[in-house]
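Have a look at data_30.cif below; it lists mmCIF, C-alpha atoms.
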data_data
#
loop_
_atom_site.label_atom_id
_atom_site.label_comp_id
_atom_site.auth_asym_id
_atom_site.auth_seq_id
_atom_site.Cartn_x
_atom_site.Cartn_y
_atom_site.Cartn_z
CA MET Q 1 52.83 -4.30 -42.21
CA ASN Q 2 49.11 -4.77 -41.83
CA THR Q 3 48.39 -8.39 -40.88
CA ASP Q 4 45.46 -8.60 -43.32
CA MET Q 5 48.02 -8.54 -46.14
CA LYS Q 6 49.43 -11.89 -45.02
CA GLY Q 7 48.18 -15.30 -46.11
CA ILE Q 8 46.78 -17.07 -49.14
CA PHE Q 9 45.58 -14.91 -52.05
CA THR Q 10 43.91 -16.62 -54.98
CA ALA Q 11 44.92 -15.25 -58.38
CA LEU Q 12 41.46 -15.60 -59.86
CA LEU Q 13 40.77 -17.20 -63.22
CA THR Q 14 38.13 -15.64 -65.46
CA PRO Q 15 35.06 -17.69 -66.49
CA PHE Q 16 33.55 -17.05 -69.91
CA ASP Q 17 30.06 -17.99 -71.04
CA LYS Q 18 29.12 -19.57 -74.39
CA ASN Q 19 29.16 -16.11 -76.00
CA ASP Q 20 32.68 -15.41 -74.69
CA ASN Q 21 31.49 -12.85 -72.17
CA VAL Q 22 32.68 -12.72 -68.56
CA ASN Q 23 30.41 -15.09 -66.62
CA GLU Q 24 29.63 -13.02 -63.55
CA LYS Q 25 27.58 -15.73 -61.83
CA GLU Q 26 30.37 -18.31 -62.05
CA LEU Q 27 32.96 -15.79 -60.90
CA GLU Q 28 30.84 -15.08 -57.82
CA LYS Q 29 30.60 -18.82 -57.20
CA LEU Q 30 34.38 -19.22 -57.50
CA VAL Q 31 35.03 -16.38 -55.06
CA ARG Q 32 32.65 -17.88 -52.50
CA HIS Q 33 34.27 -21.32 -52.95
CA ASN Q 34 37.67 -19.83 -52.20
CA VAL Q 35 36.36 -17.99 -49.17
CA ASN Q 36 35.07 -21.36 -47.91
CA MET Q 37 38.51 -22.90 -48.49
CA GLY Q 38 40.08 -20.25 -46.26
CA ALA Q 39 41.61 -17.81 -48.76
CA SER Q 40 42.74 -14.57 -47.12
CA GLY Q 41 41.93 -12.50 -50.17
CA PHE Q 42 42.15 -12.23 -53.93
CA TYR Q 43 44.57 -11.05 -56.59
CA VAL Q 44 42.15 -9.72 -59.18
CA GLY Q 45 42.78 -9.33 -62.90
CA GLY Q 46 46.27 -10.79 -63.09
CA SER Q 47 47.85 -12.92 -65.79
CA THR Q 48 45.86 -15.91 -64.51
CA ALA Q 49 42.72 -13.91 -65.27
CA GLU Q 50 43.84 -13.61 -68.92
CA ALA Q 51 44.20 -9.90 -68.25
CA PHE Q 52 45.90 -9.15 -71.54
CA PHE Q 53 43.01 -10.76 -73.46
CA LEU Q 54 40.42 -8.63 -71.64
CA SER Q 55 39.05 -5.22 -72.52
CA THR Q 56 39.35 -2.38 -70.04
CA GLU Q 57 35.63 -2.65 -69.29
CA GLU Q 58 35.92 -6.40 -68.69
CA ARG Q 59 38.76 -5.84 -66.25
CA LYS Q 60 36.67 -3.25 -64.39
CA LEU Q 61 33.69 -5.61 -64.33
CA ILE Q 62 35.76 -8.36 -62.75
CA MET Q 63 36.93 -5.94 -60.05
CA ASP Q 64 33.29 -5.00 -59.39
CA VAL Q 65 32.09 -8.61 -59.11
CA VAL Q 66 34.86 -9.64 -56.71
CA LYS Q 67 34.34 -6.59 -54.50
CA ASP Q 68 30.58 -7.15 -54.38
CA THR Q 69 31.01 -10.86 -53.58
CA ALA Q 70 33.75 -10.64 -50.95
CA PRO Q 71 33.80 -7.10 -49.57
CA GLU Q 72 35.27 -8.35 -46.28
CA LYS Q 73 38.35 -9.87 -47.92
CA THR Q 74 41.65 -8.17 -48.75
CA LEU Q 75 41.62 -7.38 -52.48
CA ILE Q 76 44.59 -6.55 -54.70
CA ALA Q 77 43.89 -5.29 -58.22
CA HIS Q 78 46.35 -6.07 -60.98
CA ILE Q 79 46.23 -3.09 -63.32
CA GLY Q 80 49.29 -3.82 -65.48
CA SER Q 81 49.13 -2.87 -69.13
CA LEU Q 82 51.47 -1.87 -71.94
CA ARG Q 83 49.03 1.00 -72.41
CA GLU Q 84 49.87 3.13 -69.40
CA LYS Q 85 46.68 5.14 -69.86
CA GLU Q 86 44.70 1.93 -69.33
CA ALA Q 87 46.73 1.12 -66.21
CA HIS Q 88 45.87 4.52 -64.73
CA GLU Q 89 42.19 4.06 -65.58
CA LEU Q 90 42.14 0.66 -63.87
CA SER Q 91 43.99 2.10 -60.88
CA ALA Q 92 41.36 4.81 -60.48
CA HIS Q 93 38.65 2.15 -60.57
CA ALA Q 94 40.39 0.07 -57.89
CA ASN Q 95 40.75 3.21 -55.77
CA LYS Q 96 37.04 3.96 -56.14
CA LEU Q 97 36.05 0.43 -55.12
CA GLY Q 98 38.24 0.47 -52.02
CA TYR Q 99 40.77 -2.19 -52.99
CA LYS Q 100 43.63 -2.62 -50.53
CA ALA Q 101 46.41 -2.31 -53.10
CA ILE Q 102 47.17 -2.15 -56.80
CA SER Q 103 49.77 -4.24 -58.58
CA SER Q 104 51.39 -4.40 -61.99
CA VAL Q 105 53.74 -6.61 -63.91
CA ALA Q 106 56.70 -4.66 -65.27
CA PRO Q 107 56.30 -3.30 -68.82
CA PHE Q 108 57.43 -6.09 -71.12
CA TYR Q 109 58.16 -7.13 -74.74
CA PHE Q 110 60.06 -3.99 -75.80
CA LYS Q 111 63.04 -4.53 -73.47
CA PHE Q 112 62.58 -1.26 -71.63
CA THR Q 113 65.45 0.12 -69.58
CA PHE Q 114 65.17 -0.04 -65.80
CA GLU Q 115 64.70 3.72 -65.67
CA GLU Q 116 61.75 3.41 -68.04
CA ILE Q 117 60.28 0.59 -65.93
CA LYS Q 118 60.84 2.58 -62.74
CA GLY Q 119 59.15 5.61 -64.29
CA TYR Q 120 56.10 3.50 -65.15
CA TYR Q 121 55.79 2.23 -61.56
CA ILE Q 122 56.41 5.63 -59.98
CA ARG Q 123 53.76 7.31 -62.12
CA LEU Q 124 51.22 4.65 -61.15
CA ALA Q 125 52.10 4.99 -57.47
CA GLU Q 126 51.98 8.80 -57.57
CA ASN Q 127 48.46 8.77 -59.02
CA SER Q 128 47.01 6.19 -56.63
CA ASP Q 129 45.44 6.67 -53.21
CA ILE Q 130 46.26 3.06 -52.32
CA PRO Q 131 49.72 1.45 -52.17
CA MET Q 132 51.46 -0.38 -54.98
CA LEU Q 133 52.67 -3.98 -55.10
CA VAL Q 134 55.48 -4.70 -57.57
CA TYR Q 135 54.90 -7.87 -59.60
CA HIS Q 136 58.28 -9.50 -60.24
CA PHE Q 137 57.92 -12.27 -62.85
CA PRO Q 138 61.12 -12.45 -64.92
CA GLY Q 139 60.22 -15.82 -66.44
CA PHE Q 140 57.30 -14.28 -68.36
CA SER Q 141 58.02 -10.55 -68.44
CA GLY Q 142 61.70 -10.88 -69.33
CA VAL Q 143 62.43 -8.18 -66.72
CA ASN Q 144 64.87 -9.57 -64.18
CA MET Q 145 65.45 -7.07 -61.39
CA GLY Q 146 68.10 -7.66 -58.77
CA MET Q 147 68.13 -6.43 -55.20
CA GLY Q 148 69.54 -3.07 -56.27
CA GLU Q 149 66.54 -2.38 -58.48
CA ILE Q 150 63.91 -3.93 -56.20
CA SER Q 151 65.16 -1.95 -53.20
CA GLN Q 152 64.42 1.30 -55.04
CA PHE Q 153 60.73 0.38 -54.79
CA LEU Q 154 60.67 -1.26 -51.36
CA SER Q 155 62.41 1.75 -49.79
CA ASP Q 156 59.55 3.94 -51.08
CA ASP Q 157 56.53 4.24 -48.75
CA ARG Q 158 54.17 4.17 -51.72
CA PHE Q 159 55.12 0.54 -52.38
CA ILE Q 160 53.66 -1.98 -49.95
CA GLY Q 161 55.72 -4.95 -51.14
CA ILE Q 162 56.31 -7.41 -53.94
CA LYS Q 163 54.71 -10.41 -55.60
CA TYR Q 164 57.83 -12.48 -56.14
CA THR Q 165 57.50 -15.11 -58.88
CA SER Q 166 61.05 -16.39 -59.21
CA ASN Q 167 63.10 -19.29 -57.88
CA ASP Q 168 65.91 -16.93 -56.84
CA PHE Q 169 65.14 -17.41 -53.17
CA PHE Q 170 68.31 -15.64 -52.09
CA THR Q 171 66.96 -12.36 -53.46
CA MET Q 172 63.54 -13.11 -51.96
CA GLU Q 173 65.16 -13.55 -48.55
CA GLN Q 174 67.03 -10.26 -49.00
CA CYS Q 175 63.77 -8.48 -49.81
CA LYS Q 176 62.27 -9.58 -46.50
CA SER Q 177 65.40 -9.23 -44.39
CA ARG Q 178 66.21 -5.74 -45.62
CA PHE Q 179 62.58 -4.56 -45.66
CA PRO Q 180 60.83 -6.50 -42.87
CA ASP Q 181 57.82 -4.19 -42.86
CA LYS Q 182 57.06 -4.84 -46.54
CA VAL Q 183 54.92 -7.76 -47.66
CA VAL Q 184 56.55 -10.47 -49.79
CA TYR Q 185 54.32 -12.95 -51.61
CA ASN Q 186 55.61 -16.21 -53.04
CA GLY Q 187 54.51 -16.59 -56.66
CA TYR Q 188 55.40 -20.14 -57.73
CA ASP Q 189 52.79 -22.48 -56.23
CA GLU Q 190 55.06 -25.52 -56.52
CA MET Q 191 57.67 -23.73 -54.39
CA PHE Q 192 55.39 -22.22 -51.76
CA LEU Q 193 57.05 -23.95 -48.81
CA CYS Q 194 60.45 -22.82 -50.11
CA GLY Q 195 59.19 -19.25 -50.16
CA LEU Q 196 57.90 -19.48 -46.60
CA SER Q 197 61.31 -20.72 -45.47
CA MET Q 198 62.86 -17.59 -46.99
CA GLY Q 199 60.48 -15.25 -45.20
CA ALA Q 200 57.47 -14.92 -47.51
CA ASP Q 201 54.35 -13.62 -45.78
CA GLY Q 202 52.07 -15.76 -47.91
CA GLY Q 203 51.42 -16.58 -51.53
CA ILE Q 204 49.52 -15.51 -54.62
CA GLY Q 205 48.77 -18.43 -56.90
CA SER Q 206 46.63 -19.77 -59.70
CA THR Q 207 46.17 -23.34 -58.45
CA TYR Q 208 44.68 -21.81 -55.32
CA ASN Q 209 41.48 -21.45 -57.38
CA PHE Q 210 40.63 -25.08 -56.63
CA MET Q 211 43.04 -26.06 -53.84
CA ALA Q 212 43.57 -22.95 -51.72
CA ASP Q 213 42.90 -25.10 -48.68
CA LYS Q 214 46.12 -27.06 -49.30
CA PHE Q 215 48.16 -23.86 -49.23
CA VAL Q 216 46.31 -22.57 -46.17
CA ARG Q 217 47.32 -25.83 -44.48
CA ILE Q 218 50.95 -25.60 -45.61
CA GLN Q 219 51.24 -22.13 -44.11
CA LYS Q 220 49.57 -23.20 -40.87
CA LEU Q 221 51.85 -26.23 -40.51
CA PHE Q 222 54.90 -24.12 -41.30
CA ASP Q 223 53.93 -21.51 -38.70
CA GLU Q 224 53.53 -24.31 -36.14
CA GLY Q 225 56.96 -25.73 -36.97
CA ARG Q 226 55.50 -28.94 -38.41
CA ILE Q 227 57.75 -28.86 -41.43
CA SER Q 228 57.66 -32.54 -42.44
CA GLU Q 229 53.85 -32.42 -42.49
CA ALA Q 230 53.95 -29.23 -44.54
CA GLN Q 231 56.28 -30.99 -46.99
CA GLU Q 232 53.75 -33.79 -47.46
CA VAL Q 233 50.97 -31.32 -48.35
CA GLN Q 234 53.32 -29.50 -50.73
CA LYS Q 235 54.06 -32.86 -52.37
CA GLU Q 236 50.31 -33.45 -52.82
CA ALA Q 237 49.94 -30.06 -54.47
CA ASN Q 238 53.02 -30.62 -56.64
CA ARG Q 239 51.75 -33.93 -57.95
CA ILE Q 240 48.67 -32.09 -59.21
CA ILE Q 241 50.73 -29.19 -60.56
CA SER Q 242 52.93 -31.60 -62.52
CA ILE Q 243 49.81 -32.88 -64.32
CA LEU Q 244 48.65 -29.34 -65.06
CA CYS Q 245 52.06 -28.55 -66.57
CA LYS Q 246 51.84 -31.55 -68.91
CA ILE Q 247 48.47 -30.38 -70.24
CA GLY Q 248 48.92 -26.61 -70.18
CA VAL Q 249 48.38 -24.89 -66.86
CA MET Q 250 45.61 -22.37 -67.46
CA PRO Q 251 43.45 -24.45 -69.83
CA ALA Q 252 43.86 -27.40 -67.43
CA GLU Q 253 42.90 -25.27 -64.43
CA LYS Q 254 39.69 -24.23 -66.15
CA GLU Q 255 38.93 -27.85 -67.00
CA VAL Q 256 39.43 -28.79 -63.32
CA LEU Q 257 36.88 -26.16 -62.32
CA CYS Q 258 34.44 -27.36 -64.97
CA GLN Q 259 34.72 -30.92 -63.66
CA LEU Q 260 34.16 -29.63 -60.13
CA GLY Q 261 30.79 -28.25 -61.20
CA PHE Q 262 31.55 -24.75 -62.45
CA ASP Q 263 30.44 -23.54 -65.87
CA PHE Q 264 33.82 -21.98 -66.52
CA GLY Q 265 34.18 -22.14 -70.28
CA LYS Q 266 37.54 -22.12 -72.01
CA CYS Q 267 40.55 -19.86 -72.21
CA ARG Q 268 40.52 -17.32 -75.00
CA PRO Q 269 42.62 -18.07 -78.10
CA PRO Q 270 45.42 -18.58 -78.83
CA PHE Q 271 45.14 -20.94 -75.84
CA SER Q 272 43.94 -24.40 -76.82
CA SER Q 273 41.55 -26.65 -74.90
CA PRO Q 274 42.41 -29.97 -73.22
CA ASN Q 275 41.72 -33.01 -75.40
CA GLU Q 276 39.77 -36.06 -74.26
CA GLU Q 277 42.87 -37.82 -72.94
CA ALA Q 278 43.77 -34.75 -70.85
CA ARG Q 279 40.22 -34.43 -69.53
CA ASP Q 280 40.27 -38.10 -68.47
CA LEU Q 281 43.62 -37.59 -66.73
CA ILE Q 282 42.20 -34.65 -64.80
CA ALA Q 283 39.14 -36.69 -63.82
CA LYS Q 284 41.24 -39.57 -62.50
CA GLU Q 285 44.30 -37.86 -61.06
CA ILE Q 286 43.14 -34.43 -59.87
CA ILE Q 287 39.42 -34.25 -59.15
CA PRO Q 288 39.41 -36.86 -56.32
CA TYR Q 289 42.14 -34.92 -54.54
CA VAL Q 290 40.78 -31.37 -54.51
CA THR Q 291 37.90 -29.72 -52.67
CA ALA Q 292 34.52 -30.14 -54.33
CA LEU Q 293 31.84 -27.44 -54.32
#
Can you turn what I pasted into structure tokens?
Amino acid sequence: MNTDMKGIFTALLTPFDKNDNVNEKELEKLVRHNVNMGASGFYVGGSTAEAFFLSTEERKLIMDVVKDTAPEKTLIAHIGSLREKEAHELSAHANKLGYKAISSVAPFYFKFTFEEIKGYYIRLAENSDIPMLVYHFPGFSGVNMGMGEISQFLSDDRFIGIKYTSNDFFTMEQCKSRFPDKVVYNGYDEMFLCGLSMGADGGIGSTYNFMADKFVRIQKLFDEGRISEAQEVQKEANRIISILCKIGVMPAEKEVLCQLGFDFGKCRPPFSSPNEEARDLIAKEIIPYVTAL
């Protein structure tokens, strides 16, 4: 496994301007802020980016902006779509830009069979010049693959690894133990230290947008065997995450960025926006504890 695939990868949020267009300037600013916090790279156009509310052209634009802003960083493009034609179009764009890997959540909603899901992934991998990262997120996709299914991808050279967003850490450990050369990313920010203990090579997370430095520190402390110190940083992050969960994670994350000095706008409907009480809570209980611009 290439060492530049390890570490902390921010699953970027998407800023919108007052006309509901992608705010390229603020996205550039966010990328630079995360580089300064020590992020290893970026997971571009995922669910945190509101991917399924974006047009194909908007998703391509976001890929362009991130590549232009951080060409030296490891970039993973999420290309998942229920419209497989769109997924292939986005894959071709990521290939053209020189992204390190592509990724996709499993096809969801229609309760596809595993063979149908496997066919989707294989077709994407076959038509890409860069490797594929499986995105395992049963809590949202409704697709819960066990080791038998996951191993069919990890045993294939076209698949570089897995973004593992589940609290089934036994299966995560099996992924890494059985396929040590494949990259395994922890997906749940609040369980990052747990994932590291089960062999994860790093993490991909949404709260990294404004506190990537905390997760960089957790991984460093873990690698140095300073587990109790790593636990304390995880507790700091989890206190913040618990507040985000009370408000609504993605709208709250955007409000955090706005209060940090970004012009980030709001999430697209049907997401709602934080009310005054929630904004005050963020100002008092989150902003003083995260890295300012």
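Against this structure, the PyMOL selection byres ((chain Q and resi 98) around 12) ends up with Met63, Asp64, Val66, Lys67, Asp68, Pro71, Glu72, Lys73, Thr74, Leu75, Ile76, Ala77, Ser91, Ala92, His93, Ala94, Asn95, Lys96, Leu97, Tyr99, Lys100, Ala101, Ile102, Ser128, Asp129, Ile130 and Pro131 of chain Q.
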Need to verify the contact set: Q:Leu133, 9 Å, only C-alpha atoms, exclusion of same-chain residues closer than 6 positions in sequence. Can you return it as a ChimeraX atom specification?
/Q:76,78,101-104,158-163,183
Could you list the residues chosen by the PyMOL selection byres ((chain Q and resi 191) around 12) in this structure as an MDAnalysis selection string?
chainID Q and resid 164:169 185:190 192:198 200 202:205 215 218 230:231 233:235 237:238 241
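Distances from Q:Ser141, Q:Ser242, Q:Ser55, Q:Gln174 to Q:Leu154 were compared using all atoms listed in the file, and the smallest one belongs to Q:Gln174.
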List the spatial neighbours of Q:Glu253 as a PDB file with C-alpha atoms, in the frame of the given file - criterion: any atom at most 10 Å away, all atoms listed in the file, same-chain residues fewer than 5 positions off excluded.
ATOM      1  CA  LEU Q  13      40.770 -17.200 -63.220  1.00  0.00           C
ATOM      2  CA  THR Q  48      45.860 -15.910 -64.510  1.00  0.00           C
ATOM      3  CA  SER Q 206      46.630 -19.770 -59.700  1.00  0.00           C
ATOM      4  CA  THR Q 207      46.170 -23.340 -58.450  1.00  0.00           C
ATOM      5  CA  TYR Q 208      44.680 -21.810 -55.320  1.00  0.00           C
ATOM      6  CA  ASN Q 209      41.480 -21.450 -57.380  1.00  0.00           C
ATOM      7  CA  PHE Q 210      40.630 -25.080 -56.630  1.00  0.00           C
ATOM      8  CA  ILE Q 241      50.730 -29.190 -60.560  1.00  0.00           C
ATOM      9  CA  LEU Q 244      48.650 -29.340 -65.060  1.00  0.00           C
ATOM     10  CA  CYS Q 245      52.060 -28.550 -66.570  1.00  0.00           C
ATOM     11  CA  ILE Q 247      48.470 -30.380 -70.240  1.00  0.00           C
ATOM     12  CA  GLY Q 248      48.920 -26.610 -70.180  1.00  0.00           C
ATOM     13  CA  CYS Q 258      34.440 -27.360 -64.970  1.00  0.00           C
ATOM     14  CA  GLN Q 259      34.720 -30.920 -63.660  1.00  0.00           C
ATOM     15  CA  PHE Q 264      33.820 -21.980 -66.520  1.00  0.00           C
ATOM     16  CA  LYS Q 266      37.540 -22.120 -72.010  1.00  0.00           C
ATOM     17  CA  CYS Q 267      40.550 -19.860 -72.210  1.00  0.00           C
ATOM     18  CA  PRO Q 274      42.410 -29.970 -73.220  1.00  0.00           C
ATOM     19  CA  ILE Q 282      42.200 -34.650 -64.800  1.00  0.00           C
TER      20      ILE Q 282
END
Neighbourhood query: residues within 10 Å of (49.5, -9.6, -42.5), file coordinates, counting all atoms listed in the file; return as a ChimeraX atom specification.
/Q:1-7,40,181-183,201-202
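A straight line drawn from atom CA of Q:Phe9 to atom CA of Q:Lys118 is 25.6 Å long.
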Please indicate the distance in Å from atom CA of Q:Tyr109 to atom CA of Q:Val249, rounded to one decimal place.
21.8 Å
So that I can check the surroundings of Q:Asn23, please list as a PDB file with C-alpha atoms, in the coordinates of the input every protein, DNA and RNA residue that reaches within 12 Å of it, counting all atoms listed in the file and ignoring chain neighbours fewer than 3 positions away.
ATOM      1  CA  LEU Q  13      40.770 -17.200 -63.220  1.00  0.00           C
ATOM      2  CA  THR Q  14      38.130 -15.640 -65.460  1.00  0.00           C
ATOM      3  CA  PRO Q  15      35.060 -17.690 -66.490  1.00  0.00           C
ATOM      4  CA  PHE Q  16      33.550 -17.050 -69.910  1.00  0.00           C
ATOM      5  CA  ASP Q  17      30.060 -17.990 -71.040  1.00  0.00           C
ATOM      6  CA  LYS Q  18      29.120 -19.570 -74.390  1.00  0.00           C
ATOM      7  CA  ASN Q  19      29.160 -16.110 -76.000  1.00  0.00           C
ATOM      8  CA  ASP Q  20      32.680 -15.410 -74.690  1.00  0.00           C
ATOM      9  CA  GLU Q  26      30.370 -18.310 -62.050  1.00  0.00           C
ATOM     10  CA  LEU Q  27      32.960 -15.790 -60.900  1.00  0.00           C
ATOM     11  CA  GLU Q  28      30.840 -15.080 -57.820  1.00  0.00           C
ATOM     12  CA  LYS Q  29      30.600 -18.820 -57.200  1.00  0.00           C
ATOM     13  CA  LEU Q  30      34.380 -19.220 -57.500  1.00  0.00           C
ATOM     14  CA  GLU Q  58      35.920  -6.400 -68.690  1.00  0.00           C
ATOM     15  CA  LEU Q  61      33.690  -5.610 -64.330  1.00  0.00           C
ATOM     16  CA  ILE Q  62      35.760  -8.360 -62.750  1.00  0.00           C
ATOM     17  CA  VAL Q  65      32.090  -8.610 -59.110  1.00  0.00           C
ATOM     18  CA  PHE Q 262      31.550 -24.750 -62.450  1.00  0.00           C
ATOM     19  CA  ASP Q 263      30.440 -23.540 -65.870  1.00  0.00           C
ATOM     20  CA  PHE Q 264      33.820 -21.980 -66.520  1.00  0.00           C
ATOM     21  CA  GLY Q 265      34.180 -22.140 -70.280  1.00  0.00           C
ATOM     22  CA  LYS Q 266      37.540 -22.120 -72.010  1.00  0.00           C
TER      23      LYS Q 266
END
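Between atom CA of Q:Met37 and atom CA of Q:Asp213 lies a distance of 4.9 Å.
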Quick one: everything within 9 Å of Q:Ile150, counting all atoms listed in the file, minus sequence neighbours fewer than 2 positions away in the same chain. Send it as a CSV table (one decimal) with C-alpha atoms, in the frame of the given file.
chain,number,residue,atom,x,y,z
Q,134,VAL,CA,55.5,-4.7,-57.6
Q,136,HIS,CA,58.3,-9.5,-60.2
Q,145,MET,CA,65.4,-7.1,-61.4
Q,146,GLY,CA,68.1,-7.7,-58.8
Q,147,MET,CA,68.1,-6.4,-55.2
Q,148,GLY,CA,69.5,-3.1,-56.3
Q,152,GLN,CA,64.4,1.3,-55.0
Q,153,PHE,CA,60.7,0.4,-54.8
Q,154,LEU,CA,60.7,-1.3,-51.4
Q,155,SER,CA,62.4,1.8,-49.8
Q,162,ILE,CA,56.3,-7.4,-53.9
Q,175,CYS,CA,63.8,-8.5,-49.8
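For the set Q:Glu229, Q:Glu236, Q:Glu57, Q:Glu116, the residue with the smallest atom-to-atom gap to Q:Ile286 is Q:Glu236, counting all atoms listed in the file.
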Contact residues around stretch 269-273 of chain Q with only C-alpha atoms at 10 Å, ignoring same-chain residues under 6 positions, as a PyMOL selection string
chain Q and resi 53+247-248+250-252+254-255+279
